Amino acid sequence: MFKNLSLKAIAFYTTIVLTVFFSLCMAMVFIGSSNGLPLLSVGMLSLILFFLVSYFTLKYVLEQYVFRRIKVIYKIIRNTKDSLAGIEEKTDQAAFMLDAVEGDVAEWAKSREDEIETLKTLENYRKRFLGNVSHELKTPIFSIQGYIYTLLDGGLHDDSINERYLKRAARNVERLLTIVKDLDEISKLESGELKLQIQKFDLKEVVKEVFLDMELKAKQAGIALNFKSGADQPFIVEGDRELILRVLDNLLMNSIKYGKEGGGVSKVSFYEMDKLILVEVSDNGIGIEEKHLKHLFDRFYRIEKSRSRESGGSGLGLSIVKHILEAHNQTINVRSTPGKGTTFGFTLEKAK
Ligand code: ADP
């Protein structure tokens, strides 16, 4: 019955207790003095008793009342059971208690604010992402639609365009597939669904494999693929071989796509650090203006839109690269001079 009393009721009951005790003290003084006890001693004794009883009653009542109120606040701001454990301790140090509670509540309010900010950013990001995805998908779909309708409207029997249009439609289907595959990969990387298969491997061998895959494309673009001198020995690292191959594939592919047509060079270098190996992929191609550098790893960010589209780029390559390296707890950076070339550098852990 005394559990959820209002402040008024608490004051009322406390006053009753104190009044009753005060009456007892008065009676004690009266009885004592009428029995011949010295008035001063009985008076002093009752005063001390009254002081002590009042002090402990008020302390108990205030603590109980404040503690219960604070417990409710803590129940709201904390979501674990054990977070309530320390409050009783705090109520013992009444002087600091309210300060502590105020601090905790302020901290809670700040964390809520941060949470809301993060949610807002994510929401904006999601909206922008959806917009980008539909925009990216729209372009090839409209092209395919255009070619197919032209063929259906009689173009199929026109030998001057039928094969050409079909080939163009097929190229756009390829583009669609690249975008969808890259989106799939990026969402797996972001959701943490993709588990790394960590193993020891020779980075140099992986680069050689990528060089081999790209030989034809590089030749067509007039670009030479090679290692920087001093890369004769193996470079054994720890990581997910398939994913690192994807990183090198992306970087080298870009160095061909945005390289110097005819007379271009894409070079891979390795540098030994204490516990890491730094890999650099450089080209002497078109380069990148400084203002673009900080956005380069954003999804769908393209500087050379036409060149990127022409070569079937999804604009997702570098953000996939960044995600893969972050999953390895490593970083990637870029240096570039327009007209001179670009260098991407990333690190990997040496095998123990
Ligand atoms: P894309 O599929 O368009 O190549 P990426 O994410 O791989 O997408 O690259 C993003 C953009 O960065 C490219 O569109 C291009 O403008 C620029 N870029 C990437 N690599 C290079 C490079 N080696 N030289 C110059 N520009 C580059």
# chains A, B, ... in the order shown; residues from 1 in each chain; ligands from 1
call {"tool": "closest_atom_pairs", "arguments": {"of": "chain A", "to": "ligand 1", "cutoff": "9 Å", "atoms": "only C-alpha atoms and all ligand atoms", "output": "CSV"}}
result
residue,atom,partner,partner_atom_place_in_ligand_line,distance
A:Ile179,CA,ligand 1,2 (O),8.9
A:Asn250,CA,ligand 1,7 (O),6.4
A:Leu251,CA,ligand 1,20 (N),6.7
A:Leu252,CA,ligand 1,23 (N),7.7
A:Met253,CA,ligand 1,4 (O),8.0
A:Asn254,CA,ligand 1,20 (N),4.6
A:Ser255,CA,ligand 1,23 (N),4.1
A:Ile256,CA,ligand 1,23 (N),7.4
A:Lys257,CA,ligand 1,23 (N),7.4
A:Tyr258,CA,ligand 1,24 (N),4.6
A:Gly259,CA,ligand 1,24 (N),6.3
A:Ser266,CA,ligand 1,23 (N),9.0
A:Val281,CA,ligand 1,23 (N),8.4
A:Ser282,CA,ligand 1,23 (N),7.3
A:Asp283,CA,ligand 1,23 (N),6.3
A:Asn284,CA,ligand 1,24 (N),8.3
A:Gly285,CA,ligand 1,24 (N),6.0
A:Ile286,CA,ligand 1,25 (C),5.6
A:Gly287,CA,ligand 1,25 (C),4.5
A:Ile288,CA,ligand 1,25 (C),5.3
A:Glu289,CA,ligand 1,26 (N),9.0
A:His292,CA,ligand 1,12 (O),8.3
A:Leu293,CA,ligand 1,12 (O),8.4
A:His295,CA,ligand 1,12 (O),8.7
A:Leu296,CA,ligand 1,12 (O),5.4
A:Phe297,CA,ligand 1,6 (O),6.3
A:Asp298,CA,ligand 1,6 (O),7.4
A:Arg299,CA,ligand 1,6 (O),6.8
A:Phe300,CA,ligand 1,6 (O),6.6
A:Tyr301,CA,ligand 1,10 (C),5.4
A:Arg302,CA,ligand 1,14 (O),3.4
A:Ile303,CA,ligand 1,16 (O),3.6
A:Glu304,CA,ligand 1,16 (O),4.3
A:Lys305,CA,ligand 1,14 (O),6.0
A:Ser306,CA,ligand 1,14 (O),8.6
A:Arg307,CA,ligand 1,14 (O),7.5
A:Ser308,CA,ligand 1,3 (O),4.3
A:Arg309,CA,ligand 1,3 (O),6.8
A:Ser311,CA,ligand 1,4 (O),8.0
A:Gly312,CA,ligand 1,2 (O),6.9
A:Gly313,CA,ligand 1,2 (O),3.1
A:Ser314,CA,ligand 1,2 (O),4.0
A:Gly315,CA,ligand 1,8 (O),3.2
A:Leu316,CA,ligand 1,6 (O),4.4
A:Gly317,CA,ligand 1,7 (O),3.8
A:Leu318,CA,ligand 1,6 (O),3.6
A:Ser319,CA,ligand 1,6 (O),5.8
A:Ile320,CA,ligand 1,6 (O),7.7
A:Val321,CA,ligand 1,6 (O),8.3
A:Ser336,CA,ligand 1,24 (N),7.9
A:Pro338,CA,ligand 1,25 (C),8.3
A:Gly341,CA,ligand 1,24 (N),6.5
A:Thr342,CA,ligand 1,23 (N),5.3
A:Thr343,CA,ligand 1,23 (N),7.0
A:Phe344,CA,ligand 1,23 (N),7.6
call {"tool": "residues_around", "arguments": {"residues": "range 227-240 of chain A", "least_positions_apart": "2", "cutoff": "9 Å", "atoms": "only C-alpha atoms", "output": "VMD selection string"}}
result
chain A and resid 196 to 205 207 225 242 to 245 266 to 272 276 to 277 328 348 to 352
call {"tool": "residues_around", "arguments": {"residues": "range 56-62 of chain A", "least_positions_apart": "3", "cutoff": "8 Å", "atoms": "only C-alpha atoms", "output": "PDB file with C-alpha atoms, in the first residue's frame"}}
result
ATOM      1  CA  ILE A  10       4.514  10.668   1.783  1.00  0.00           C
ATOM      2  CA  THR A  14       5.956  11.136   7.591  1.00  0.00           C
ATOM      3  CA  LEU A  52      17.784  10.779  15.567  1.00  0.00           C
ATOM      4  CA  VAL A  53      14.348   9.400  14.748  1.00  0.00           C
ATOM      5  CA  TYR A  65      10.945   7.943  -2.852  1.00  0.00           C
ATOM      6  CA  VAL A  66      13.864   9.249  -4.929  1.00  0.00           C
TER       7      VAL A  66
END
call {"tool": "select_by_dssp", "arguments": {"residues": "range 215-281 of chain A", "states": "strand (DSSP E)", "output": "number ranges by chain"}}
result
A: 223-227, 236-240, 264-272, 276-281
call {"tool": "closest_residue", "arguments": {"among": "A:Tyr149, A:Phe346, A:Phe50, A:Tyr165", "to": "Leu278 in chain A", "atoms": "only C-alpha atoms"}}
result
A:Phe346
call {"tool": "closest_residue", "arguments": {"among": "A:Leu176, A:Gly345, A:Ala100, A:Glu185", "to": "His135 in chain A", "atoms": "only C-alpha atoms"}}
result
A:Leu176
call {"tool": "closest_residue", "arguments": {"among": "A:Ile161, A:Ile148, A:Ala327, A:Ala169", "to": "Glu193 in chain A", "atoms": "only C-alpha atoms"}}
result
A:Ala327
call {"tool": "atom_distance", "arguments": {"atom1": "CA of Asn329 in chain A", "atom2": "CA of Ser111 in chain A"}}
result
26.6 Å
call {"tool": "residues_around", "arguments": {"residues": "Asp153 in chain A", "least_positions_apart": "6", "cutoff": "12 Å", "atoms": "only C-alpha atoms", "output": "list in words"}}
result
Gly146, Tyr147 and Asn162 of chain A
call {"tool": "select_by_dssp", "arguments": {"residues": "range 90-230 of chain A", "states": "alpha helix (DSSP H)", "output": "NGL selection string"}}
result
:A and (90-92 or 94-152 or 162-191 or 203-221)
call {"tool": "closest_residue", "arguments": {"among": "A:Lys340, A:Lys322, A:Arg164, A:Arg128", "to": "Glu190 in chain A", "atoms": "only C-alpha atoms"}}
result
A:Lys322
call {"tool": "decode", "arguments": {"residues": "range 162-174 of chain A", "atoms": "all heavy atoms", "output": "PDB file, in the first residue's frame"}}
result
ATOM      1  N   ASN A 162      19.744  -5.234 -88.926  1.00  0.00           N
ATOM      2  CA  ASN A 162      19.305  -6.296 -87.998  1.00  0.00           C
ATOM      3  C   ASN A 162      20.412  -6.883 -87.121  1.00  0.00           C
ATOM      4  O   ASN A 162      20.291  -6.936 -85.898  1.00  0.00           O
ATOM      5  CB  ASN A 162      18.493  -7.382 -88.719  1.00  0.00           C
ATOM      6  CG  ASN A 162      19.208  -7.951 -89.913  1.00  0.00           C
ATOM      7  OD1 ASN A 162      20.400  -7.697 -90.112  1.00  0.00           O
ATOM      8  ND2 ASN A 162      18.491  -8.719 -90.729  1.00  0.00           N
ATOM      9  N   GLU A 163      21.511  -7.267 -87.757  1.00  0.00           N
ATOM     10  CA  GLU A 163      22.558  -7.900 -86.956  1.00  0.00           C
ATOM     11  C   GLU A 163      23.203  -6.878 -86.004  1.00  0.00           C
ATOM     12  O   GLU A 163      23.464  -7.172 -84.839  1.00  0.00           O
ATOM     13  CB  GLU A 163      23.614  -8.504 -87.874  1.00  0.00           C
ATOM     14  CG  GLU A 163      24.434  -9.539 -87.128  1.00  0.00           C
ATOM     15  CD  GLU A 163      25.510 -10.160 -87.997  1.00  0.00           C
ATOM     16  OE1 GLU A 163      25.340 -10.189 -89.231  1.00  0.00           O
ATOM     17  OE2 GLU A 163      26.537 -10.575 -87.417  1.00  0.00           O
ATOM     18  N   ARG A 164      23.408  -5.685 -86.528  1.00  0.00           N
ATOM     19  CA  ARG A 164      24.058  -4.632 -85.735  1.00  0.00           C
ATOM     20  C   ARG A 164      23.235  -4.316 -84.473  1.00  0.00           C
ATOM     21  O   ARG A 164      23.745  -4.225 -83.375  1.00  0.00           O
ATOM     22  CB  ARG A 164      24.191  -3.378 -86.598  1.00  0.00           C
ATOM     23  CG  ARG A 164      25.192  -2.391 -86.101  1.00  0.00           C
ATOM     24  CD  ARG A 164      25.745  -1.515 -87.220  1.00  0.00           C
ATOM     25  NE  ARG A 164      24.797  -1.169 -88.249  1.00  0.00           N
ATOM     26  CZ  ARG A 164      24.191   0.014 -88.368  1.00  0.00           C
ATOM     27  NH1 ARG A 164      24.439   0.948 -87.490  1.00  0.00           N
ATOM     28  NH2 ARG A 164      23.372   0.257 -89.362  1.00  0.00           N
ATOM     29  N   TYR A 165      21.894  -4.187 -84.674  1.00  0.00           N
ATOM     30  CA  TYR A 165      21.027  -3.843 -83.533  1.00  0.00           C
ATOM     31  C   TYR A 165      20.967  -4.971 -82.507  1.00  0.00           C
ATOM     32  O   TYR A 165      20.930  -4.730 -81.299  1.00  0.00           O
ATOM     33  CB  TYR A 165      19.623  -3.470 -84.017  1.00  0.00           C
ATOM     34  CG  TYR A 165      19.532  -2.029 -84.502  1.00  0.00           C
ATOM     35  CD1 TYR A 165      20.685  -1.340 -84.855  1.00  0.00           C
ATOM     36  CD2 TYR A 165      18.309  -1.379 -84.591  1.00  0.00           C
ATOM     37  CE1 TYR A 165      20.623  -0.035 -85.304  1.00  0.00           C
ATOM     38  CE2 TYR A 165      18.232  -0.062 -85.026  1.00  0.00           C
ATOM     39  CZ  TYR A 165      19.400   0.612 -85.387  1.00  0.00           C
ATOM     40  OH  TYR A 165      19.335   1.900 -85.819  1.00  0.00           O
ATOM     41  N   LEU A 166      20.943  -6.195 -83.044  1.00  0.00           N
ATOM     42  CA  LEU A 166      20.922  -7.336 -82.100  1.00  0.00           C
ATOM     43  C   LEU A 166      22.193  -7.357 -81.255  1.00  0.00           C
ATOM     44  O   LEU A 166      22.156  -7.600 -80.053  1.00  0.00           O
ATOM     45  CB  LEU A 166      20.800  -8.646 -82.875  1.00  0.00           C
ATOM     46  CG  LEU A 166      19.384  -9.152 -83.072  1.00  0.00           C
ATOM     47  CD1 LEU A 166      19.387 -10.437 -83.892  1.00  0.00           C
ATOM     48  CD2 LEU A 166      18.701  -9.426 -81.724  1.00  0.00           C
ATOM     49  N   LYS A 167      23.314  -7.073 -81.925  1.00  0.00           N
ATOM     50  CA  LYS A 167      24.596  -7.060 -81.200  1.00  0.00           C
ATOM     51  C   LYS A 167      24.598  -5.961 -80.135  1.00  0.00           C
ATOM     52  O   LYS A 167      25.079  -6.155 -79.017  1.00  0.00           O
ATOM     53  CB  LYS A 167      25.759  -6.848 -82.168  1.00  0.00           C
ATOM     54  CG  LYS A 167      26.211  -8.143 -82.813  1.00  0.00           C
ATOM     55  CD  LYS A 167      27.483  -7.925 -83.600  1.00  0.00           C
ATOM     56  CE  LYS A 167      27.900  -9.220 -84.276  1.00  0.00           C
ATOM     57  NZ  LYS A 167      28.604  -8.974 -85.536  1.00  0.00           N
ATOM     58  N   ARG A 168      24.028  -4.813 -80.504  1.00  0.00           N
ATOM     59  CA  ARG A 168      23.994  -3.706 -79.531  1.00  0.00           C
ATOM     60  C   ARG A 168      23.096  -4.050 -78.350  1.00  0.00           C
ATOM     61  O   ARG A 168      23.418  -3.751 -77.201  1.00  0.00           O
ATOM     62  CB  ARG A 168      23.481  -2.429 -80.197  1.00  0.00           C
ATOM     63  CG  ARG A 168      24.545  -1.806 -81.055  1.00  0.00           C
ATOM     64  CD  ARG A 168      24.092  -0.455 -81.515  1.00  0.00           C
ATOM     65  NE  ARG A 168      24.883   0.002 -82.637  1.00  0.00           N
ATOM     66  CZ  ARG A 168      24.564   1.033 -83.388  1.00  0.00           C
ATOM     67  NH1 ARG A 168      23.460   1.713 -83.152  1.00  0.00           N
ATOM     68  NH2 ARG A 168      25.346   1.408 -84.370  1.00  0.00           N
ATOM     69  N   ALA A 169      21.953  -4.702 -78.665  1.00  0.00           N
ATOM     70  CA  ALA A 169      21.045  -5.100 -77.575  1.00  0.00           C
ATOM     71  C   ALA A 169      21.776  -6.080 -76.649  1.00  0.00           C
ATOM     72  O   ALA A 169      21.705  -5.968 -75.419  1.00  0.00           O
ATOM     73  CB  ALA A 169      19.783  -5.726 -78.144  1.00  0.00           C
ATOM     74  N   ALA A 170      22.517  -7.023 -77.279  1.00  0.00           N
ATOM     75  CA  ALA A 170      23.238  -8.015 -76.474  1.00  0.00           C
ATOM     76  C   ALA A 170      24.278  -7.316 -75.587  1.00  0.00           C
ATOM     77  O   ALA A 170      24.464  -7.683 -74.423  1.00  0.00           O
ATOM     78  CB  ALA A 170      23.916  -9.031 -77.383  1.00  0.00           C
ATOM     79  N   ARG A 171      24.935  -6.289 -76.133  1.00  0.00           N
ATOM     80  CA  ARG A 171      25.948  -5.579 -75.344  1.00  0.00           C
ATOM     81  C   ARG A 171      25.305  -4.898 -74.121  1.00  0.00           C
ATOM     82  O   ARG A 171      25.868  -4.869 -73.039  1.00  0.00           O
ATOM     83  CB  ARG A 171      26.665  -4.548 -76.210  1.00  0.00           C
ATOM     84  CG  ARG A 171      28.098  -4.413 -75.773  1.00  0.00           C
ATOM     85  CD  ARG A 171      29.009  -3.624 -76.641  1.00  0.00           C
ATOM     86  NE  ARG A 171      28.455  -2.427 -77.193  1.00  0.00           N
ATOM     87  CZ  ARG A 171      28.517  -2.110 -78.487  1.00  0.00           C
ATOM     88  NH1 ARG A 171      29.081  -2.933 -79.328  1.00  0.00           N
ATOM     89  NH2 ARG A 171      28.007  -0.980 -78.921  1.00  0.00           N
ATOM     90  N   ASN A 172      24.095  -4.387 -74.344  1.00  0.00           N
ATOM     91  CA  ASN A 172      23.397  -3.748 -73.220  1.00  0.00           C
ATOM     92  C   ASN A 172      22.931  -4.762 -72.177  1.00  0.00           C
ATOM     93  O   ASN A 172      22.875  -4.449 -70.988  1.00  0.00           O
ATOM     94  CB  ASN A 172      22.232  -2.907 -73.737  1.00  0.00           C
ATOM     95  CG  ASN A 172      22.707  -1.553 -74.192  1.00  0.00           C
ATOM     96  OD1 ASN A 172      23.035  -0.696 -73.381  1.00  0.00           O
ATOM     97  ND2 ASN A 172      22.821  -1.365 -75.502  1.00  0.00           N
ATOM     98  N   VAL A 173      22.600  -5.971 -72.652  1.00  0.00           N
ATOM     99  CA  VAL A 173      22.248  -7.028 -71.687  1.00  0.00           C
ATOM    100  C   VAL A 173      23.476  -7.335 -70.821  1.00  0.00           C
ATOM    101  O   VAL A 173      23.376  -7.507 -69.607  1.00  0.00           O
ATOM    102  CB  VAL A 173      21.736  -8.300 -72.422  1.00  0.00           C
ATOM    103  CG1 VAL A 173      21.575  -9.451 -71.454  1.00  0.00           C
ATOM    104  CG2 VAL A 173      20.434  -8.012 -73.135  1.00  0.00           C
ATOM    105  N   GLU A 174      24.639  -7.379 -71.477  1.00  0.00           N
ATOM    106  CA  GLU A 174      25.888  -7.612 -70.725  1.00  0.00           C
ATOM    107  C   GLU A 174      26.069  -6.541 -69.647  1.00  0.00           C
ATOM    108  O   GLU A 174      26.437  -6.823 -68.522  1.00  0.00           O
ATOM    109  CB  GLU A 174      27.116  -7.519 -71.655  1.00  0.00           C
ATOM    110  CG  GLU A 174      27.153  -8.528 -72.770  1.00  0.00           C
ATOM    111  CD  GLU A 174      27.715  -9.850 -72.303  1.00  0.00           C
ATOM    112  OE1 GLU A 174      28.604  -9.804 -71.477  1.00  0.00           O
ATOM    113  OE2 GLU A 174      27.222 -10.913 -72.755  1.00  0.00           O
TER     114      GLU A 174
END
